[in-house]
$ cat query.tsv   # TSV, C-alpha atoms
chain	number	residue	atom	x	y	z
D	1496	MET	CA	40.60	68.80	0.88
D	1497	SER	CA	41.44	71.55	3.36
D	1498	LYS	CA	44.63	73.49	2.77
D	1499	SER	CA	47.80	72.73	4.72
D	1500	ALA	CA	50.69	74.95	5.77
D	1501	LEU	CA	54.07	74.61	4.08
D	1502	LEU	CA	56.80	75.85	6.43
D	1503	ILE	CA	60.07	76.90	4.78
D	1504	THR	CA	62.57	77.51	7.57
D	1505	GLY	CA	66.23	78.27	8.14
D	1506	ARG	CA	68.37	80.23	5.71
D	1507	PRO	CA	68.30	80.81	1.95
D	1508	VAL	CA	71.59	79.52	0.57
D	1509	ARG	CA	73.04	80.81	-2.69
D	1510	ASN	CA	74.41	78.11	-5.00
D	1511	SER	CA	76.26	78.83	-8.24
D	1512	ASN	CA	74.72	75.80	-9.97
D	1513	ILE	CA	71.05	76.47	-9.28
D	1514	THR	CA	69.04	79.64	-8.88
D	1515	HIS	CA	66.59	80.59	-6.17
D	1516	THR	CA	63.90	80.42	-8.85
D	1517	GLU	CA	64.70	76.79	-9.65
D	1518	THR	CA	64.43	75.77	-6.00
D	1519	TYR	CA	61.20	77.71	-5.59
D	1520	GLN	CA	59.71	76.11	-8.70
D	1521	GLY	CA	60.38	72.74	-7.11
D	1522	LEU	CA	58.33	73.76	-4.09
D	1523	LEU	CA	55.46	74.89	-6.30
D	1524	ARG	CA	55.57	71.68	-8.30
D	1525	CYS	CA	55.35	69.46	-5.23
D	1526	PHE	CA	53.19	71.69	-3.05
D	1527	PRO	CA	50.85	73.74	-5.29
D	1528	LYS	CA	49.35	76.84	-3.76
D	1529	ASP	CA	45.78	75.67	-4.23
D	1530	LYS	CA	46.55	73.01	-1.60
D	1531	TYR	CA	49.20	74.68	0.58
D	1532	ASP	CA	49.68	78.09	2.17
D	1533	TYR	CA	53.34	79.15	2.18
D	1534	TYR	CA	55.08	80.49	5.28
D	1535	PHE	CA	58.76	81.46	5.35
D	1536	GLN	CA	61.01	81.94	8.36
D	1537	THR	CA	64.59	83.08	8.71
D	1538	TRP	CA	66.85	84.99	11.10
D	1539	GLU	CA	67.16	88.76	11.37
D	1540	ASN	CA	70.87	88.67	10.52
D	1541	ASN	CA	70.21	86.95	7.18
D	1542	LYS	CA	69.49	89.24	4.21
D	1543	GLU	CA	69.54	86.69	1.38
D	1544	TRP	CA	65.81	86.02	1.83
D	1545	LYS	CA	65.13	89.40	0.19
D	1546	THR	CA	66.95	88.27	-2.94
D	1547	TYR	CA	65.04	84.97	-2.90
D	1548	PHE	CA	61.73	86.82	-2.61
D	1549	HIS	CA	62.66	89.35	-5.31
D	1550	GLU	CA	63.76	86.71	-7.83
D	1551	ASN	CA	60.51	84.80	-7.34
D	1552	GLN	CA	58.18	87.79	-6.92
D	1553	ILE	CA	56.99	86.40	-3.58
D	1554	GLU	CA	54.78	88.69	-1.55
D	1555	GLY	CA	55.19	86.81	1.71
D	1556	PRO	CA	54.90	86.31	4.54
D	1557	CYS	CA	58.43	85.87	5.84
D	1558	TYR	CA	58.83	86.05	9.61
D	1559	LEU	CA	62.16	87.18	11.04
D	1560	TYR	CA	63.42	86.26	14.49
D	1561	PRO	CA	66.65	86.78	16.41
D	1562	GLU	CA	68.93	83.82	15.81
D	1563	PRO	CA	68.81	81.36	18.74
D	1564	ILE	CA	71.49	81.45	21.37
D	1565	PRO	CA	74.12	78.93	20.20
D	1566	TYR	CA	74.93	75.84	22.22
D	1567	ASN	CA	76.40	72.43	21.50
D	1568	SER	CA	73.31	70.49	20.51
D	1569	PHE	CA	74.99	67.20	19.65
D	1570	ILE	CA	74.67	64.41	22.17
D	1571	ASN	CA	77.49	64.27	24.70
D	1572	TYR	CA	77.62	61.39	27.14
D	1573	GLY	CA	79.41	63.58	29.61
D	1574	LYS	CA	76.54	66.07	29.63
D	1575	LYS	CA	73.07	65.12	30.75
D	1576	HIS	CA	70.28	66.48	28.56
D	1577	SER	CA	67.51	66.51	31.13
D	1578	ASP	CA	64.79	66.65	28.48
D	1579	ILE	CA	65.88	63.42	26.76
D	1580	PRO	CA	65.09	60.01	28.27
D	1581	ASP	CA	68.14	57.84	28.95
D	1582	GLN	CA	66.86	54.98	26.81
D	1583	SER	CA	66.36	57.09	23.70
D	1584	PHE	CA	69.92	56.56	22.41
D	1585	ASN	CA	71.86	53.33	22.11
D	1586	PRO	CA	75.12	53.88	24.05
D	1587	ASN	CA	76.78	50.99	22.18
D	1588	TYR	CA	76.57	52.69	18.80
D	1589	ARG	CA	77.74	56.26	18.63
D	1590	PRO	CA	77.72	57.94	15.20
D	1591	LEU	CA	80.92	59.53	14.02
D	1592	GLN	CA	79.41	62.97	14.48
D	1593	TRP	CA	79.12	62.41	18.20
D	1594	PHE	CA	82.84	61.76	18.48
D	1595	ILE	CA	83.75	64.81	16.43
D	1596	PHE	CA	81.25	67.17	18.03
D	1597	GLY	CA	81.09	65.71	21.51
D	1598	ASP	CA	82.85	68.56	23.34
D	1599	LYS	CA	80.17	70.45	25.25
D	1600	TYR	CA	82.42	73.52	25.25
D	1601	SER	CA	82.80	73.50	21.47
D	1602	THR	CA	82.52	76.83	19.65
D	1603	ASP	CA	82.52	75.22	16.18
D	1604	PRO	CA	79.72	77.03	14.28
D	1605	TYR	CA	78.73	73.74	12.62
D	1606	VAL	CA	77.96	72.34	16.04
D	1607	ILE	CA	76.40	75.18	17.96
D	1608	HIS	CA	73.66	76.04	15.45
D	1609	LYS	CA	72.33	72.58	14.62
D	1610	HIS	CA	69.16	73.12	16.66
D	1611	ASN	CA	68.18	76.26	14.71
D	1612	GLN	CA	65.91	74.57	12.16
D	1613	ILE	CA	63.80	73.01	14.91
D	1614	VAL	CA	63.56	76.26	16.85
D	1615	GLY	CA	62.69	78.20	13.69
D	1616	THR	CA	59.85	75.82	12.91
D	1617	ALA	CA	58.50	76.02	16.46
D	1618	LEU	CA	58.60	79.83	16.28
D	1619	LEU	CA	56.75	79.80	12.97
D	1620	ILE	CA	54.06	77.39	14.20
D	1621	ASP	CA	53.64	79.45	17.36
D	1622	GLU	CA	53.21	82.55	15.18
D	1623	ILE	CA	50.57	80.88	13.00
D	1624	GLU	CA	48.66	79.38	15.92
D	1625	LYS	CA	48.56	82.68	17.79
D	1626	ARG	CA	47.14	84.48	14.76
D	1627	VAL	CA	44.50	81.88	13.83
D	1628	PRO	CA	44.34	78.88	16.22
D	1629	LYS	CA	43.63	75.53	14.56
D	1630	LEU	CA	43.75	77.03	11.09
D	1631	TYR	CA	45.48	73.93	9.62
D	1632	ASP	CA	45.14	70.21	10.18
D	1633	SER	CA	48.67	69.45	9.02
D	1634	TYR	CA	52.08	71.02	8.53
D	1635	VAL	CA	54.78	70.23	6.00
D	1636	ARG	CA	58.20	71.44	6.99
D	1637	THR	CA	61.06	71.91	4.53
D	1638	ARG	CA	63.97	74.30	3.95
D	1639	TRP	CA	64.95	77.13	1.61
D	1640	ASP	CA	67.82	75.33	-0.12
D	1641	LEU	CA	66.03	72.08	-0.97
D	1642	ILE	CA	65.59	70.86	-4.53
D	1643	LEU	CA	62.25	69.06	-4.77
D	1644	ASP	CA	60.59	66.89	-7.38
D	1645	ASN	CA	57.52	64.68	-7.61
D	1646	GLN	CA	58.77	62.07	-10.05
D	1647	TYR	CA	58.66	59.21	-7.54
D	1648	THR	CA	56.90	60.65	-4.51
D	1649	ASP	CA	53.19	61.34	-4.09
D	1650	TRP	CA	53.59	64.11	-1.54
D	1651	ASP	CA	49.82	64.54	-1.08
D	1652	TYR	CA	49.52	60.96	0.10
D	1653	TYR	CA	51.69	61.62	3.17
D	1654	ASN	CA	49.98	64.90	3.92
D	1655	GLU	CA	46.52	63.35	3.81
D	1656	ASN	CA	47.73	60.44	5.93
D	1657	VAL	CA	48.81	62.65	8.85
D	1658	LYS	CA	45.48	64.44	8.69
D	1659	ARG	CA	43.64	61.14	9.12
D	1660	LYS	CA	46.17	59.62	11.50
D	1661	PRO	CA	47.59	62.34	13.78
D	1662	ARG	CA	50.10	59.98	15.42
D	1663	ASN	CA	52.00	59.40	12.17
D	1664	LEU	CA	55.17	61.34	11.29
D	1665	PHE	CA	56.89	61.08	7.91
D	1666	GLY	CA	60.46	62.26	7.37
D	1667	PHE	CA	62.39	62.26	4.09
D	1668	GLU	CA	66.04	62.56	3.24
D	1669	SER	CA	68.04	62.20	0.02
D	1670	PRO	CA	69.74	58.86	-0.66
D	1671	LYS	CA	73.49	58.49	-0.47
D	1672	PRO	CA	75.06	57.75	-2.83
D	1673	ALA	CA	72.83	59.98	-4.92
D	1674	GLY	CA	72.71	57.52	-7.82
D	1675	LYS	CA	70.05	55.42	-6.11
D	1676	ILE	CA	66.81	56.62	-7.64
D	1677	GLY	CA	63.53	55.99	-5.88
D	1678	THR	CA	64.96	53.95	-3.01
D	1679	ARG	CA	63.00	53.94	0.22
D	1680	HIS	CA	64.08	52.24	3.40
D	1681	PHE	CA	64.83	53.05	7.00
D	1682	ALA	CA	67.21	55.97	7.01
D	1683	VAL	CA	68.90	55.11	10.31
D	1684	GLN	CA	69.81	51.61	9.20
D	1685	HIS	CA	71.15	52.85	5.87
D	1686	ARG	CA	73.12	55.74	7.33
D	1687	PHE	CA	74.54	54.09	10.44
D	1688	HIS	CA	74.11	50.36	9.68
D	1689	ASP	CA	72.23	49.98	12.94
D	1690	ASP	CA	68.51	50.60	13.20
D	1691	SER	CA	68.67	50.65	17.01
D	1692	MET	CA	71.04	53.66	17.12
D	1693	SER	CA	68.20	55.94	18.11
D	1694	ASP	CA	64.50	55.71	18.80
D	1695	TYR	CA	64.15	59.40	18.00
D	1696	TYR	CA	65.83	59.89	14.63
D	1697	LEU	CA	63.61	61.65	12.07
D	1698	PRO	CA	64.98	62.65	8.63
D	1699	ASP	CA	64.41	66.36	8.30
D	1700	LEU	CA	64.54	67.49	4.67
D	1701	VAL	CA	60.76	67.16	4.34
D	1702	ILE	CA	58.61	66.35	7.39
D	1703	PHE	CA	54.84	65.76	7.46
D	1704	PHE	CA	53.04	65.99	10.78
D	1705	ASN	CA	49.62	66.71	12.21
D	1706	ARG	CA	48.99	70.07	13.84
D	1707	THR	CA	48.51	68.34	17.21
D	1708	ALA	CA	51.84	66.50	17.05
D	1709	MET	CA	54.04	69.45	18.07
D	1710	ASN	CA	53.82	71.45	21.26
D	1711	ALA	CA	55.65	74.47	19.88
D	1712	GLN	CA	55.83	76.30	23.20
D	1713	LEU	CA	57.31	73.27	24.95
D	1714	VAL	CA	59.97	72.98	22.25
D	1715	LEU	CA	60.84	76.65	22.75
D	1716	ASP	CA	60.99	76.15	26.53
D	1717	VAL	CA	63.35	73.19	26.15
D	1718	ASN	CA	65.48	75.26	23.78
D	1719	ALA	CA	65.70	77.98	26.41
D	1720	ARG	CA	67.35	75.36	28.66
D	1721	GLY	CA	69.86	74.49	25.92
D	1722	ASN	CA	68.46	70.97	25.55
D	1723	ILE	CA	67.28	70.62	21.97
D	1724	VAL	CA	69.38	67.96	20.27
D	1725	ALA	CA	70.94	68.47	16.85
D	1726	ALA	CA	69.45	67.92	13.42
D	1727	GLU	CA	67.55	64.66	12.83
D	1728	TRP	CA	67.73	63.61	16.47
D	1729	GLY	CA	66.28	66.93	17.56
D	1730	TRP	CA	63.34	66.52	15.20
D	1731	GLY	CA	62.62	63.14	16.72
D	1732	GLN	CA	62.94	64.67	20.18
D	1733	ALA	CA	60.56	67.53	19.35
D	1734	LEU	CA	57.95	65.47	17.52
D	1735	LYS	CA	58.12	62.26	19.53
D	1736	TYR	CA	59.42	62.68	23.06
D	1737	LEU	CA	58.14	66.25	23.52
D	1738	SER	CA	54.97	65.59	21.52
D	1739	PRO	CA	51.56	65.51	23.26
D	1740	LEU	CA	50.83	62.43	21.11
D	1741	ASP	CA	52.33	58.96	21.17
D	1742	THR	CA	53.69	59.43	17.67
D	1743	ASN	CA	54.99	56.89	15.14
D	1744	ILE	CA	58.08	57.83	13.13
D	1745	TYR	CA	58.34	56.66	9.51
D	1746	MET	CA	61.62	57.33	7.72
D	1747	PHE	CA	62.13	57.37	3.96
D	1748	GLU	CA	64.79	58.13	1.42
D	1749	SER	CA	63.77	59.64	-1.89
D	1750	SER	CA	65.80	60.95	-4.81
D	1751	ASP	CA	63.06	63.58	-5.12
D	1752	VAL	CA	64.68	65.58	-2.30
D	1753	PHE	CA	68.18	66.98	-2.46
D	1754	VAL	CA	70.02	69.76	-0.64
D	1755	ALA	CA	71.28	72.33	-3.15
D	1756	ARG	CA	74.66	72.72	-1.49
D	1757	HIS	CA	75.40	69.04	-2.22
D	1758	MET	CA	75.29	69.72	-5.95
D	1759	ASN	CA	78.88	70.89	-5.76
D	1760	GLU	CA	79.81	67.56	-4.21
D	1761	ASP	CA	77.81	65.16	-6.35
D	1762	PRO	CA	77.80	65.66	-10.14
D	1763	LYS	CA	75.51	62.63	-10.60
D	1764	TYR	CA	72.58	64.64	-9.29
D	1765	ALA	CA	73.04	67.50	-11.74
D	1766	LEU	CA	73.40	65.10	-14.65
D	1767	ARG	CA	70.33	63.01	-13.98
D	1768	ASN	CA	68.18	66.09	-13.49
D	1769	ASN	CA	69.55	67.89	-16.55
D	1770	ILE	CA	70.68	70.89	-14.53
D	1771	LYS	CA	73.33	72.75	-16.51
$ encode --input "query.tsv" --output "structure tokens"
Amino acid sequence: MSKSALLITGRPVRNSNITHTETYQGLLRCFPKDKYDYYFQTWENNKEWKTYFHENQIEGPCYLYPEPIPYNSFINYGKKHSDIPDQSFNPNYRPLQWFIFGDKYSTDPYVIHKHNQIVGTALLIDEIEKRVPKLYDSYVRTRWDLILDNQYTDWDYYNENVKRKPRNLFGFESPKPAGKIGTRHFAVQHRFHDDSMSDYYLPDLVIFFNRTAMNAQLVLDVNARGNIVAAEWGWGQALKYLSPLDTNIYMFESSDVFVARHMNEDPKYALRNNIK
């Protein structure tokens, strides 16, 4: 089995209930280094990555880039995103977020940076491909502050699948409420009670995709026009609509993935994983 690239993007986030070492050990448990090469990315104005590296004795690499120019990346029906087809979103079912964050002139930091993870991943892939083109057959994208386990999920299965079937995309998110262990079903239907809300929704805590499924330069060009959509919708945009392949999105929930910052909100997670 050829090695794959594990892309850890965004920002390291300090949490009082779990150390950087504990989150890093989760990565190693699910994505051992004999199968995956590790690549980190963050923004030049973030210094916490140095602490993360020091606590885990990581030698690198970690690539730093200027943080993207902020813009409101949530869908706004009063603003036409020219890089998104009209039929990609169901106008009869608008998630609550779109009401709250629908002002295209918003300066709310929660709104204007929601495309950063996608841009950071595209920058990192572009960096890798420029150094050694076609070095990897597949990429696995995750984030610094994710708690990972392999109790219920055979992560290698999904990675090997996208190698054999380049059109497949697999996205994972944590279940809500967090007490549901091992559940797997369509994330859109569970989260919004309507599986037709979007054709381009891709859960983004862990994403498996073939090297040929992302045109990193095109994603960066669309970002330069301020047209990358936020969060899960932006991942679907980048890896489906902007993809050179006619990709298939598969969405799963797994209690084996959990964002560390949610530990303060959900004591059930800490209890069932024996985190003191």
$ residues_around --input "query.tsv" --residues "Gly1505 of chain D" --least-positions-apart "2" --cutoff "9 Å" --atoms "only C-alpha atoms" --output "ChimeraX atom specification"
/D:1503,1507,1535-1538,1611-1613,1615-1616,1637-1640
$ closest_residue --input "query.tsv" --among "D:Tyr1634, D:Ile1723, D:Val1752, D:Val1714" --to "Leu1737 of chain D" --atoms "all atoms listed in the file"
D:Val1714
$ closest_residue --input "query.tsv" --among "D:Asp1651, D:Glu1539, D:Glu1517, D:Glu1562" --to "His1608 of chain D" --atoms "all atoms listed in the file"
D:Glu1562
$ atom_distance --input "query.tsv" --atom1 "atom CA of Ile1702 of chain D" --atom2 "atom CA of Glu1727 of chain D"
10.6 Å
$ atom_distance --input "query.tsv" --atom1 "atom CA of Ala1500 of chain D" --atom2 "atom CA of Ala1755 of chain D"
22.6 Å
$ residues_around --input "query.tsv" --residues "Leu1523 of chain D" --least-positions-apart "4" --cutoff "12 Å" --atoms "all atoms listed in the file" --output "mmCIF file with C-alpha atoms, in the frame of the given file"
data_model
loop_
_atom_site.group_PDB
_atom_site.id
_atom_site.type_symbol
_atom_site.label_atom_id
_atom_site.label_comp_id
_atom_site.auth_asym_id
_atom_site.auth_seq_id
_atom_site.Cartn_x
_atom_site.Cartn_y
_atom_site.Cartn_z
ATOM 1 C CA LEU D 1501 54.070 74.610 4.080
ATOM 2 C CA THR D 1516 63.900 80.420 -8.850
ATOM 3 C CA GLU D 1517 64.700 76.790 -9.650
ATOM 4 C CA THR D 1518 64.430 75.770 -6.000
ATOM 5 C CA TYR D 1519 61.200 77.710 -5.590
ATOM 6 C CA PRO D 1527 50.850 73.740 -5.290
ATOM 7 C CA LYS D 1528 49.350 76.840 -3.760
ATOM 8 C CA ASP D 1529 45.780 75.670 -4.230
ATOM 9 C CA LYS D 1530 46.550 73.010 -1.600
ATOM 10 C CA TYR D 1531 49.200 74.680 0.580
ATOM 11 C CA ASP D 1532 49.680 78.090 2.170
ATOM 12 C CA TYR D 1533 53.340 79.150 2.180
ATOM 13 C CA ASN D 1551 60.510 84.800 -7.340
ATOM 14 C CA ILE D 1553 56.990 86.400 -3.580
ATOM 15 C CA ILE D 1642 65.590 70.860 -4.530
ATOM 16 C CA LEU D 1643 62.250 69.060 -4.770
ATOM 17 C CA ASP D 1644 60.590 66.890 -7.380
ATOM 18 C CA ASN D 1645 57.520 64.680 -7.610
ATOM 19 C CA TRP D 1650 53.590 64.110 -1.540
#
$ closest_residue --input "query.tsv" --among "D:Ile1513, D:Ile1564, D:Ile1623, D:Val1701" --to "His1610 of chain D" --atoms "all atoms listed in the file"
D:Ile1564
$ atom_distance --input "query.tsv" --atom1 "atom CA of Glu1748 of chain D" --atom2 "atom CA of Phe1704 of chain D"
17.0 Å
$ residues_around --input "query.tsv" --residues "Asp1751 of chain D" --least-positions-apart "2" --cutoff "10 Å" --atoms "all atoms listed in the file" --output "JSON, numbers by chain"
{"D": [1521, 1525, 1641, 1642, 1643, 1644, 1645, 1646, 1647, 1648, 1667, 1668, 1669, 1670, 1676, 1677, 1748, 1749, 1753]}
